[in-house]
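Listing of work-v4.csv, CSV, C-alpha atoms
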chain,number,residue,atom,x,y,z
P,1,MET,CA,0.0,0.0,0.0
P,2,LEU,CA,1.2,3.5,-0.9
P,3,GLU,CA,2.1,5.8,2.0
P,4,LEU,CA,-0.1,8.9,1.7
P,5,CYS,CA,1.1,12.3,2.8
P,6,PHE,CA,-1.6,14.9,3.6
P,7,CYS,CA,-0.8,18.5,3.1
P,8,PRO,CA,0.1,20.6,6.2
P,9,VAL,CA,-0.4,24.3,6.3
P,10,THR,CA,2.9,25.7,5.2
P,11,GLU,CA,4.2,29.3,4.8
P,12,ASP,CA,4.8,28.6,1.1
P,13,MET,CA,1.1,27.4,0.7
P,14,VAL,CA,-0.2,30.6,2.2
P,15,ARG,CA,2.2,32.9,0.4
P,16,ARG,CA,1.3,31.4,-3.0
P,17,ARG,CA,-2.4,32.3,-2.2
P,18,ALA,CA,-1.4,35.8,-1.3
P,19,GLU,CA,-0.6,37.0,-4.8
P,20,HIS,CA,-3.3,39.7,-4.6
P,21,ASN,CA,-1.3,41.0,-1.6
P,22,GLU,CA,2.1,40.9,-3.3
P,23,CYS,CA,2.7,37.6,-1.5
P,24,GLN,CA,2.9,39.4,1.8
P,25,ILE,CA,1.2,37.3,4.5
P,26,SER,CA,1.7,39.4,7.6
P,27,THR,CA,-0.8,42.0,6.2
P,28,LEU,CA,-3.1,39.5,4.5
P,29,GLU,CA,-6.8,40.1,5.0
P,30,GLU,CA,-8.3,37.2,2.9
P,31,VAL,CA,-6.9,33.8,2.0
P,32,SER,CA,-8.4,30.7,0.4
P,33,LEU,CA,-7.0,27.3,1.5
P,34,HIS,CA,-9.8,25.1,0.3
P,35,GLN,CA,-9.3,21.6,-1.2
P,36,GLN,CA,-5.8,21.2,0.2
P,37,ASP,CA,-6.2,17.9,2.1
P,38,ILE,CA,-5.5,19.9,5.3
P,39,GLU,CA,-6.0,17.8,8.5
P,40,LYS,CA,-5.1,20.4,11.0
P,41,ILE,CA,-5.5,24.2,11.3
P,42,GLU,CA,-2.1,25.6,12.4
P,43,HIS,CA,0.2,28.6,12.0
P,44,ILE,CA,-2.4,30.8,10.4
P,45,ASP,CA,-3.1,32.7,13.6
P,46,LYS,CA,0.6,33.5,13.9
P,47,TRP,CA,1.4,34.4,10.3
P,48,CYS,CA,-1.8,36.3,9.3
P,49,ARG,CA,-3.0,38.2,12.3
P,50,ASP,CA,-5.0,40.7,10.1
P,51,LEU,CA,-7.1,38.1,8.5
P,52,ARG,CA,-10.8,39.0,8.0
P,53,ILE,CA,-11.9,36.2,5.7
P,54,LEU,CA,-10.6,32.6,5.9
P,55,TYR,CA,-11.7,29.9,3.5
P,56,LEU,CA,-10.9,26.3,4.7
P,57,GLN,CA,-13.8,24.4,3.1
P,58,ASN,CA,-13.5,20.9,1.6
P,59,ASN,CA,-10.5,19.7,3.6
P,60,LEU,CA,-10.2,16.9,6.3
P,61,ILE,CA,-10.1,19.1,9.4
P,62,PRO,CA,-11.6,17.3,12.5
P,63,LYS,CA,-11.3,20.1,15.0
P,64,ILE,CA,-11.6,23.9,15.2
P,65,GLU,CA,-8.3,25.1,16.7
P,66,ASN,CA,-5.5,27.7,16.5
P,67,VAL,CA,-7.7,30.6,15.3
P,68,GLY,CA,-8.3,32.3,18.6
P,69,ARG,CA,-5.7,35.0,17.9
P,70,LEU,CA,-7.5,36.2,14.7
P,71,LYS,CA,-9.2,39.1,16.4
P,72,LYS,CA,-10.2,40.7,13.1
P,73,LEU,CA,-11.7,37.6,11.5
P,74,GLN,CA,-15.2,38.2,10.3
P,75,TYR,CA,-15.9,35.2,8.1
P,76,LEU,CA,-14.8,31.6,8.6
P,77,ASN,CA,-15.8,28.9,6.1
P,78,LEU,CA,-15.2,25.4,7.4
P,79,ALA,CA,-17.9,23.7,5.2
P,80,LEU,CA,-17.2,20.0,4.1
P,81,ASN,CA,-14.8,19.0,6.8
P,82,ASN,CA,-14.9,16.4,9.7
P,83,ILE,CA,-15.7,18.8,12.6
P,84,GLU,CA,-17.9,17.3,15.4
P,85,VAL,CA,-17.8,20.1,18.0
P,86,ILE,CA,-18.1,23.9,17.8
P,87,GLU,CA,-15.2,25.2,20.0
P,88,ASN,CA,-12.2,27.5,20.4
P,89,LEU,CA,-13.8,30.5,18.6
P,90,GLU,CA,-14.2,32.7,21.7
P,91,GLY,CA,-11.1,34.7,20.8
P,92,CYS,CA,-12.5,35.6,17.3
P,93,GLU,CA,-14.0,38.8,18.6
P,94,SER,CA,-15.1,40.2,15.2
P,95,LEU,CA,-16.6,37.0,13.9
P,96,GLN,CA,-19.8,37.7,11.9
P,97,LYS,CA,-20.4,34.6,9.8
P,98,LEU,CA,-19.6,31.0,10.4
P,99,ASP,CA,-20.2,28.3,7.8
P,100,LEU,CA,-20.1,24.6,9.1
P,101,THR,CA,-22.2,23.2,6.3
P,102,VAL,CA,-21.9,19.4,5.9
P,103,ASN,CA,-19.7,18.5,8.8
P,104,PHE,CA,-20.4,16.0,11.7
P,105,VAL,CA,-21.5,18.3,14.5
P,106,GLY,CA,-23.7,16.1,16.7
P,107,ARG,CA,-23.1,17.9,20.0
P,108,LEU,CA,-25.7,20.6,19.5
P,109,SER,CA,-25.1,22.1,22.9
P,110,SER,CA,-21.6,23.2,21.7
P,111,VAL,CA,-23.3,26.1,19.9
P,112,GLU,CA,-23.5,27.8,23.3
P,113,SER,CA,-19.7,28.4,23.0
P,114,LEU,CA,-20.6,31.0,20.4
P,115,GLN,CA,-22.5,33.2,22.9
P,116,SER,CA,-19.4,35.3,23.5
P,117,ASN,CA,-19.2,36.1,19.7
P,118,ILE,CA,-21.5,39.0,20.1
P,119,HIS,CA,-21.1,40.1,16.4
P,120,LEU,CA,-22.1,36.7,15.0
P,121,THR,CA,-25.1,37.2,12.8
P,122,GLU,CA,-25.0,34.2,10.4
P,123,LEU,CA,-24.5,30.5,11.2
P,124,PHE,CA,-24.8,27.6,8.8
P,125,LEU,CA,-25.2,24.1,10.1
P,126,VAL,CA,-27.0,22.5,7.2
P,127,GLY,CA,-26.1,18.8,6.7
P,128,ASN,CA,-24.9,18.2,10.2
P,129,PRO,CA,-26.4,15.4,12.4
P,130,CYS,CA,-27.6,17.9,15.0
P,131,THR,CA,-30.0,19.5,12.5
P,132,GLU,CA,-32.1,16.3,12.7
P,133,PHE,CA,-32.7,16.7,16.4
P,134,GLU,CA,-36.2,17.6,17.3
P,135,GLY,CA,-36.2,21.3,18.5
P,136,TYR,CA,-32.9,22.0,16.7
P,137,ARG,CA,-33.8,25.4,15.3
P,138,GLN,CA,-35.6,26.6,18.4
P,139,TYR,CA,-32.6,25.6,20.6
P,140,VAL,CA,-30.1,27.5,18.4
P,141,VAL,CA,-32.3,30.6,18.0
P,142,ALA,CA,-32.8,30.7,21.8
P,143,SER,CA,-29.2,30.0,22.6
P,144,LEU,CA,-27.7,32.7,20.3
P,145,PRO,CA,-29.8,35.9,20.6
P,146,GLN,CA,-27.3,37.8,18.4
P,147,LEU,CA,-28.1,35.6,15.3
P,148,LYS,CA,-30.0,37.1,12.4
P,149,PHE,CA,-29.8,34.2,10.0
P,150,LEU,CA,-29.7,30.5,10.7
P,151,ASP,CA,-29.0,28.1,7.7
P,152,GLY,CA,-29.7,31.0,5.3
P,153,THR,CA,-33.2,31.7,6.8
P,154,GLU,CA,-33.8,35.0,8.6
P,155,ILE,CA,-34.8,34.8,12.2
P,156,SER,CA,-37.9,36.9,12.8
P,157,ARG,CA,-38.8,38.7,16.0
P,158,SER,CA,-41.8,36.5,16.5
P,159,GLU,CA,-39.7,33.3,16.0
P,160,ARG,CA,-37.2,34.5,18.6
P,161,ILE,CA,-40.1,35.1,21.1
P,162,ARG,CA,-41.5,31.6,20.4
P,163,ALA,CA,-38.1,30.0,20.8
P,164,ALA,CA,-37.7,31.5,24.3
P,165,GLN,CA,-41.0,29.9,25.3
P,166,GLY,CA,-40.6,26.3,26.6
P,167,LEU,CA,-36.9,26.5,26.2
P,168,LYS,CA,-36.3,24.4,29.3
P,169,GLU,CA,-38.2,21.4,27.9
P,170,VAL,CA,-36.5,21.8,24.5
P,171,LYS,CA,-33.1,21.8,26.1
P,172,ARG,CA,-33.9,18.6,28.0
P,173,ASN,CA,-35.0,16.9,24.8
P,174,VAL,CA,-31.9,18.1,22.9
P,175,ARG,CA,-29.6,16.7,25.7
P,176,GLU,CA,-31.3,13.3,25.5
P,177,GLN,CA,-31.0,13.2,21.7
P,178,GLU,CA,-27.4,14.3,22.0
P,179,ARG,CA,-26.5,11.5,24.5
P,180,GLU,CA,-28.1,8.9,22.2
P,181,TYR,CA,-26.1,10.3,19.3
P,182,LEU,CA,-22.8,10.3,21.2
P,183,LYS,CA,-23.4,6.6,22.1
P,184,ARG,CA,-24.0,5.8,18.5
P,185,ARG,CA,-20.8,7.7,17.5
P,186,ALA,CA,-18.8,5.7,20.1
P,187,ARG,CA,-20.0,2.5,18.5
P,188,GLU,CA,-19.2,3.8,15.0
P,189,LYS,CA,-15.6,4.7,16.1
P,190,GLU,CA,-15.2,1.2,17.7
P,191,GLU,CA,-16.4,-0.5,14.5
P,192,ALA,CA,-14.0,1.7,12.4
P,193,ARG,CA,-11.1,0.7,14.6
P,194,ASP,CA,-12.1,-3.0,14.4
P,195,GLU,CA,-12.4,-2.8,10.6
P,196,LYS,CA,-9.1,-1.1,10.3
P,197,GLY,CA,-7.5,-3.8,12.4
P,198,ASN,CA,-9.0,-6.6,10.3
P,199,LYS,CA,-7.6,-5.0,7.2
P,200,GLU,CA,-4.2,-4.7,8.7
P,201,ARG,CA,-4.3,-8.4,9.6
P,202,LYS,CA,-5.4,-9.5,6.2
P,203,PRO,CA,-4.1,-13.1,5.4
P,204,GLY,CA,-1.1,-13.1,3.2
P,205,SER,CA,-0.1,-9.5,4.0
P,206,ASP,CA,2.8,-10.6,6.1
P,207,GLY,CA,4.3,-12.7,3.3
P,208,ARG,CA,3.8,-16.1,5.1
P,209,TRP,CA,2.5,-19.3,3.5
P,210,TYR,CA,-1.2,-19.9,4.2
P,211,THR,CA,-2.7,-23.4,3.7
P,212,ASP,CA,-6.0,-25.0,3.7
P,213,ILE,CA,-7.2,-27.1,6.7
P,214,ASN,CA,-6.2,-30.4,5.0
P,215,ASN,CA,-2.7,-29.4,4.4
P,216,THR,CA,-1.0,-28.2,7.6
P,217,ASP,CA,2.6,-28.4,6.5
P,218,PRO,CA,3.5,-25.0,5.0
P,219,GLY,CA,6.9,-26.3,3.8
P,220,SER,CA,5.6,-29.3,1.9
P,221,GLU,CA,6.1,-29.6,-1.9
P,222,GLU,CA,2.4,-30.3,-2.4
P,223,ASN,CA,1.4,-27.1,-0.7
P,224,LYS,CA,3.9,-25.0,-2.7
P,225,GLU,CA,2.6,-26.5,-5.9
P,226,ASN,CA,-1.0,-25.7,-4.9
P,227,GLN,CA,0.0,-22.1,-4.0
P,228,GLU,CA,1.9,-21.7,-7.3
P,229,ARG,CA,-1.1,-23.1,-9.3
P,230,LYS,CA,-3.5,-20.8,-7.5
P,231,GLU,CA,-1.3,-17.7,-8.2
P,232,GLY,CA,-1.0,-18.7,-11.8
P,233,THR,CA,-4.8,-18.8,-12.3
P,234,GLU,CA,-5.5,-15.5,-10.5
P,235,ASN,CA,-6.3,-12.4,-12.6
P,236,PRO,CA,-4.8,-9.3,-10.8
P,237,GLU,CA,-6.9,-6.9,-12.9
P,238,LEU,CA,-10.1,-8.7,-12.2
P,239,ASP,CA,-9.3,-8.9,-8.5
P,240,GLU,CA,-8.6,-5.2,-8.4
P,241,GLU,CA,-11.9,-4.4,-10.1
P,242,GLN,CA,-13.7,-6.6,-7.7
P,243,GLN,CA,-12.1,-4.9,-4.7
P,244,GLU,CA,-12.9,-1.5,-6.1
P,245,SER,CA,-16.5,-2.5,-6.6
P,246,GLU,CA,-16.8,-3.9,-3.1
P,247,PHE,CA,-15.3,-0.7,-1.6
P,248,TRP,CA,-17.9,1.6,-3.2
P,249,HIS,CA,-20.9,-0.7,-3.0
P,250,THR,CA,-20.4,-2.0,0.6
P,251,PRO,CA,-23.0,-0.1,2.8
P,252,CYS,CA,-21.5,2.1,5.5
P,253,SER,CA,-22.5,5.0,7.7
P,254,PHE,CA,-21.5,8.5,6.7
P,255,THR,CA,-19.0,9.3,9.4
P,256,PRO,CA,-15.7,11.2,9.7
P,257,GLU,CA,-13.9,7.9,9.5
P,258,SER,CA,-15.7,6.7,6.3
P,259,ARG,CA,-15.1,10.1,4.7
P,260,LEU,CA,-11.4,9.9,5.6
P,261,GLU,CA,-11.2,6.4,4.3
P,262,ALA,CA,-12.9,7.3,1.0
P,263,HIS,CA,-10.5,10.2,0.6
P,264,ARG,CA,-7.4,8.0,1.3
P,265,HIS,CA,-8.7,5.4,-1.1
P,266,LEU,CA,-9.1,7.9,-3.9
P,267,GLU,CA,-5.7,9.4,-3.1
P,268,GLU,CA,-4.1,5.9,-3.1
P,269,LYS,CA,-5.7,5.2,-6.5
P,270,ARG,CA,-4.5,8.5,-7.9
P,271,LYS,CA,-0.9,8.0,-6.7
P,272,ALA,CA,-0.9,4.4,-8.1
P,273,LYS,CA,-2.1,5.7,-11.5
P,274,GLU,CA,0.6,8.4,-11.5
P,275,LYS,CA,3.2,5.8,-10.7
P,276,VAL,CA,2.0,3.6,-13.7
P,277,ASN,CA,1.9,6.7,-16.0
P,278,GLU,CA,5.3,7.9,-15.1
P,279,LYS,CA,6.9,9.2,-18.2
P,280,LYS,CA,9.3,6.7,-19.7
P,281,PRO,CA,12.3,8.0,-21.7
P,282,LYS,CA,11.3,8.2,-25.3
P,283,THR,CA,13.1,6.0,-27.7
P,284,PRO,CA,15.2,8.0,-30.1
P,285,ARG,CA,13.5,8.7,-33.4
P,286,THR,CA,14.9,6.7,-36.3
P,287,LEU,CA,16.6,9.2,-38.7
P,288,ILE,CA,18.4,6.6,-40.9
P,289,THR,CA,17.3,3.0,-40.9
P,290,ALA,CA,19.6,0.0,-40.4
P,291,ASP,CA,19.7,-0.6,-44.2
P,292,GLY,CA,20.8,3.0,-44.8
P,293,ARG,CA,17.4,4.5,-45.9
P,294,VAL,CA,17.0,8.2,-44.9
P,295,MET,CA,13.7,9.0,-43.3
P,296,ASN,CA,11.6,12.2,-43.6
P,297,VAL,CA,11.0,13.7,-40.2
P,298,ASN,CA,9.1,16.8,-39.1
P,299,GLU,CA,9.2,16.9,-35.3
P,300,PRO,CA,8.6,20.7,-35.0
P,301,LYS,CA,5.6,20.3,-37.4
P,302,LEU,CA,6.7,23.2,-39.6
P,303,ASP,CA,5.3,24.1,-43.0
P,304,PHE,CA,8.0,23.9,-45.8
P,305,SER,CA,8.5,23.9,-49.5
P,306,LEU,CA,11.2,22.1,-51.5
P,307,THR,CA,11.8,23.3,-55.0
P,308,GLU,CA,14.4,22.8,-57.7
P,309,ASP,CA,15.7,26.0,-59.3
P,310,GLU,CA,16.7,24.8,-62.8
P,311,GLU,CA,18.0,28.2,-63.8
P,312,ASN,CA,20.5,28.4,-61.0
P,313,ASN,CA,20.9,24.6,-60.7
P,314,THR,CA,20.1,24.5,-57.0
P,315,VAL,CA,17.7,22.8,-54.6
P,316,VAL,CA,15.9,25.3,-52.3
P,317,LEU,CA,14.3,24.4,-49.0
P,318,ASP,CA,12.0,27.1,-47.5
P,319,LEU,CA,11.3,26.2,-43.8
P,320,ALA,CA,8.6,28.2,-42.1
P,321,VAL,CA,10.3,28.7,-38.7
P,322,TYR,CA,8.7,31.1,-36.3
P,323,ARG,CA,9.4,34.7,-37.4
P,324,HIS,CA,10.7,35.9,-34.0
P,325,MET,CA,12.7,32.8,-33.1
P,326,ASP,CA,16.3,33.5,-32.4
P,327,THR,CA,18.6,32.1,-35.0
P,328,SER,CA,20.9,30.7,-32.3
P,329,LEU,CA,18.1,28.1,-31.6
P,330,MET,CA,18.6,26.5,-35.0
P,331,ASP,CA,21.2,24.2,-36.3
P,332,VAL,CA,21.6,23.2,-40.0
P,333,ASP,CA,23.3,20.1,-41.3
P,334,VAL,CA,23.4,19.5,-45.1
P,335,GLN,CA,24.5,16.1,-46.5
P,336,PRO,CA,24.6,15.1,-50.2
P,337,SER,CA,21.3,13.3,-50.1
P,338,TYR,CA,19.4,15.0,-47.3
P,339,ALA,CA,19.1,18.2,-45.2
P,340,ARG,CA,18.6,18.3,-41.4
P,341,VAL,CA,17.5,21.3,-39.4
P,342,THR,CA,17.3,21.2,-35.6
P,343,VAL,CA,14.8,23.7,-34.2
P,344,LYS,CA,14.9,24.1,-30.4
P,345,GLY,CA,16.0,20.5,-30.1
P,346,LYS,CA,13.4,19.1,-32.5
P,347,ILE,CA,14.5,17.6,-35.8
P,348,PHE,CA,13.3,18.4,-39.3
P,349,GLN,CA,14.9,16.1,-41.9
P,350,ILE,CA,14.1,15.8,-45.6
P,351,VAL,CA,15.4,13.6,-48.5
P,352,LEU,CA,16.6,15.8,-51.4
P,353,PRO,CA,15.5,15.2,-55.0
P,354,ALA,CA,19.0,15.5,-56.3
P,355,GLU,CA,22.5,15.2,-54.9
P,356,VAL,CA,23.9,18.5,-53.6
P,357,ARG,CA,27.2,20.0,-52.6
P,358,PRO,CA,27.1,20.6,-48.8
P,359,ASP,CA,30.3,22.7,-48.8
P,360,SER,CA,28.7,25.3,-51.2
P,361,SER,CA,25.3,25.4,-49.5
P,362,THR,CA,24.0,28.4,-47.6
P,363,ALA,CA,21.3,29.0,-45.0
P,364,GLN,CA,19.7,32.4,-44.5
P,365,ARG,CA,16.7,34.0,-42.7
P,366,SER,CA,14.2,35.7,-45.0
P,367,GLN,CA,14.0,39.4,-44.1
P,368,THR,CA,10.2,39.5,-44.9
P,369,THR,CA,8.9,36.2,-43.5
P,370,GLY,CA,11.6,35.1,-41.1
P,371,HIS,CA,11.7,31.7,-42.8
P,372,LEU,CA,14.9,29.7,-43.0
P,373,VAL,CA,15.9,29.3,-46.6
P,374,LEU,CA,18.5,26.7,-47.6
P,375,THR,CA,20.1,27.0,-51.0
P,376,MET,CA,21.9,23.9,-52.0
P,377,PRO,CA,23.8,23.7,-55.4
P,378,ARG,CA,23.3,20.5,-57.2
P,379,ALA,CA,26.2,18.1,-57.8
P,380,GLU,CA,27.1,17.0,-61.3
P,381,GLY,CA,24.7,14.1,-62.5
P,382,GLU,CA,21.6,12.7,-60.9
P,383,ILE,CA,21.5,11.4,-57.3
P,384,LYS,CA,22.2,7.8,-56.9
P,385,VAL,CA,19.9,5.6,-54.8
P,386,THR,CA,22.4,4.0,-52.4
P,387,LYS,CA,22.5,3.3,-48.8
P,388,ALA,CA,23.0,6.4,-46.7
P,389,VAL,CA,26.1,6.2,-44.6
P,390,PRO,CA,26.1,8.9,-41.9
P,391,ARG,CA,29.0,11.2,-42.2
P,392,PRO,CA,30.4,13.7,-39.8
P,393,PRO,CA,27.9,16.6,-39.9
P,394,ARG,CA,28.8,19.4,-42.2
P,395,LYS,CA,27.5,22.5,-40.5
P,396,THR,CA,26.1,25.2,-42.7
P,397,GLN,CA,26.4,28.8,-41.4
P,398,THR,CA,23.0,30.2,-40.6
P,399,SER,CA,22.6,33.9,-40.9
P,400,SER,CA,20.0,36.2,-39.6
P,401,PRO,CA,18.5,39.2,-41.4
P,402,GLU,CA,20.9,41.4,-39.5
P,403,ASP,CA,23.8,39.4,-40.7
P,404,GLU,CA,22.6,39.7,-44.3
P,405,LYS,CA,22.5,43.5,-43.9
P,406,ARG,CA,26.1,43.5,-42.7

Will you turn the file into structure tokens for me?
Amino acid sequence: MLELCFCPVTEDMVRRRAEHNECQISTLEEVSLHQQDIEKIEHIDKWCRDLRILYLQNNLIPKIENVGRLKKLQYLNLALNNIEVIENLEGCESLQKLDLTVNFVGRLSSVESLQSNIHLTELFLVGNPCTEFEGYRQYVVASLPQLKFLDGTEISRSERIRAAQGLKEVKRNVREQEREYLKRRAREKEEARDEKGNKERKPGSDGRWYTDINNTDPGSEENKENQERKEGTENPELDEEQQESEFWHTPCSFTPESRLEAHRHLEEKRKAKEKVNEKKPKTPRTLITADGRVMNVNEPKLDFSLTEDEENNTVVLDLAVYRHMDTSLMDVDVQPSYARVTVKGKIFQIVLPAEVRPDSSTAQRSQTTGHLVLTMPRAEGEIKVTKAVPRPPRKTQTSSPEDEKR
């Protein structure tokens, strides 16, 4: 199994998301750290004391912590995390909006810790287990008189008055439901630990021989043959597909543990895929075959024209290199039967229609189009179709329009 590393909050991470503030983090007022696989809130309250808006949604954070020094913080978004208790926000004196959408807050009484946040006007708890409690909204509205909106719905004056009525009974019911929920969570945690332990003790994971009940001698030849025969008939791909299907189709409770397990599973699959798809070194392109045949190659994918100038008895290659490309990035090699141009490390090679004289060939950049123009005088007689024997490259001087003017 691949070892997974989850991303901690680093100074570099914060600085890269402070481009709008010239990468200065000490004076940063807003930062978005969503979808970073963060498992713990740390350092932000020391590095960014002036923060007003902090986005931490869609991470793996199980606990609200290390934000108490953010005295200017007005909006904290912790949606889609693994938080179970509302806590440690008393120091956020300016907090106005708190988003805990789709977390695992089941201890509804923990909302009372927000009573000291006197500027808090908006609270989102949609998608948390506590919202299913009977009397949930009445309890929150009565507990936090400073709130103006709960789960996006405005709290009217009449609703606040009704919430205050019969609050003692509502609190008692909420506490009972809370106790039942916490008992269920304890069982879920126990089951998660047991399941994890079973997976770690999976047969065969320790590399030992395992035998059936009728063959108790792990060192016997018969057992080894059976094991080898079994391994030979197994289909690894089919087994992997079956495991994948079982993982996603096996019913389980939606808990912080199951969400974390699903994330780890996806991360493991992604890393395994990356490992398989690691770039392998490309095999060198064949320019001349083993039997001496010269190949036409156009790696830079450039337009070109190849013409024979009968009047001047030359072969002319017009290669449409990029107009503003520096001439130093090109390399020209003319051989009797072919021409090769290397453009930024990519090879253009073409077989010539007639034999040419490399020593008399010239290469120039067009002053109007910037194209590279090779003018190659033809040798006496027609080109002979023979096996090409690579010779030491004869470099042809390439000149730029500035060189031509000089």

Looking at P:Val294, P:Val343, P:Ile118, P:Ala354, which one is nearest to Thr307 of chain P, with distances taken over all atoms listed in the file?
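The shortest atom-to-atom distance to Thr307 of chain P comes from P:Ala354.
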
Do you know which residues are at most 10 Å from Glu93 of chain P counting only C-alpha atoms, after dropping those on the same chain fewer than 5 positions away, and could you put them as number ranges by chain?
P: 68-74, 116-120

Writer output for current selection, C-alpha atoms, as a short mmCIF file (atom, residue, chain, number, x, y, z; two decimals), in the frame of the given file:
data_model
loop_
_atom_site.label_atom_id
_atom_site.label_comp_id
_atom_site.auth_asym_id
_atom_site.auth_seq_id
_atom_site.Cartn_x
_atom_site.Cartn_y
_atom_site.Cartn_z
CA GLY P 68 -8.30 32.30 18.60
CA ARG P 69 -5.70 35.00 17.90
CA LEU P 70 -7.50 36.20 14.70
CA LYS P 71 -9.20 39.10 16.40
CA LYS P 72 -10.20 40.70 13.10
CA LEU P 73 -11.70 37.60 11.50
CA GLN P 74 -15.20 38.20 10.30
CA SER P 116 -19.40 35.30 23.50
CA ASN P 117 -19.20 36.10 19.70
CA ILE P 118 -21.50 39.00 20.10
CA HIS P 119 -21.10 40.10 16.40
CA LEU P 120 -22.10 36.70 15.00
#

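A straight line drawn from atom CA of Arg157 of chain P to atom CA of Leu144 of chain P is 13.3 Å long.
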
Which residue is closest to Asp309 of chain P? Choose from P:Lys269, P:His371, P:Arg285, P:Arg378 and count all atoms listed in the file.
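Answer, going by the shortest atom-to-atom distance: P:Arg378.
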
With all atoms listed in the file as the atoms that count, which of P:Gly152, P:Pro300, P:Pro256, P:Pro358 lies nearest to Phe104 of chain P?
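Of P:Gly152, P:Pro300, P:Pro256, P:Pro358, the one nearest Phe104 of chain P, counting all atoms listed in the file, is P:Pro256.
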
May I have the protein, DNA and RNA residues with any atom at most 9 Å from the point (-19.8, 35.8, 9.3), counting all atoms listed in the file, written as an MDAnalysis selection string?
chainID P and resid 53 73:77 94:99 119:123

Kindly indicate which residue among P:His20, P:Leu319, P:Ser113, P:Gly106 lies nearest to Glu87 of chain P, using only C-alpha atoms for the distances.
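When distances to Glu87 of chain P are compared using only C-alpha atoms, the smallest one comes from P:Ser113.
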
Env of Glu169 of chain P: 12 Å cut, atoms = only C-alpha atoms, seq-sep filter 5 positions within chain, self excluded. Answer as an mmCIF file with C-alpha atoms, in the coordinates of the input.
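File written: out-v1.cif
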data_model
loop_
_atom_site.group_PDB
_atom_site.id
_atom_site.type_symbol
_atom_site.label_atom_id
_atom_site.label_comp_id
_atom_site.auth_asym_id
_atom_site.auth_seq_id
_atom_site.Cartn_x
_atom_site.Cartn_y
_atom_site.Cartn_z
ATOM 1 C CA GLU P 134 -36.200 17.600 17.300
ATOM 2 C CA GLY P 135 -36.200 21.300 18.500
ATOM 3 C CA GLN P 138 -35.600 26.600 18.400
ATOM 4 C CA TYR P 139 -32.600 25.600 20.600
ATOM 5 C CA ALA P 163 -38.100 30.000 20.800
ATOM 6 C CA ALA P 164 -37.700 31.500 24.300
ATOM 7 C CA VAL P 174 -31.900 18.100 22.900
ATOM 8 C CA ARG P 175 -29.600 16.700 25.700
ATOM 9 C CA GLU P 176 -31.300 13.300 25.500
#

Can you tell me how far atom CA of Arg172 of chain P sits from atom CA of Asn103 of chain P, in Å to one decimal?
23.9 Å

Write out as a ChimeraX atom specification which residues come within 8 Å of Ser143 of chain P when counting all atoms listed in the file, dropping same-chain ones fewer than 2 positions away.
/P:111-112,115,139-141,145

Taking 2 positions as the minimum chain separation for residues in the same chain, which residues sit within 8 Å of segment 12-18 of chain P when counting only C-alpha atoms? Answer as JSON, numbers by chain.
{"P": [9, 10, 20, 21, 22, 23, 24, 25, 28, 31, 32, 33]}

Residues within 12 Å of Met325 of chain P, all atoms listed in the file, excluding chain neighbours under 3 positions, as a PyMOL selection string:
chain P and resi 320-322+328-330+343-344+365+369-372+400-401

re atom CA of Thr283 of chain P and atom CA of Asp331 of chain P: distance 21.7 Å

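Proximity of P:Asp37, P:Glu380, P:Glu268, P:Asp194 to Leu80 of chain P, computed with all atoms listed in the file, is greatest for P:Asp37.
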
For Thr286 of chain P, which residue among P:Ile347, P:Val334, P:Gly127, P:Leu266 is the nearest when counting all atoms listed in the file?
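Closest candidate: P:Ile347.
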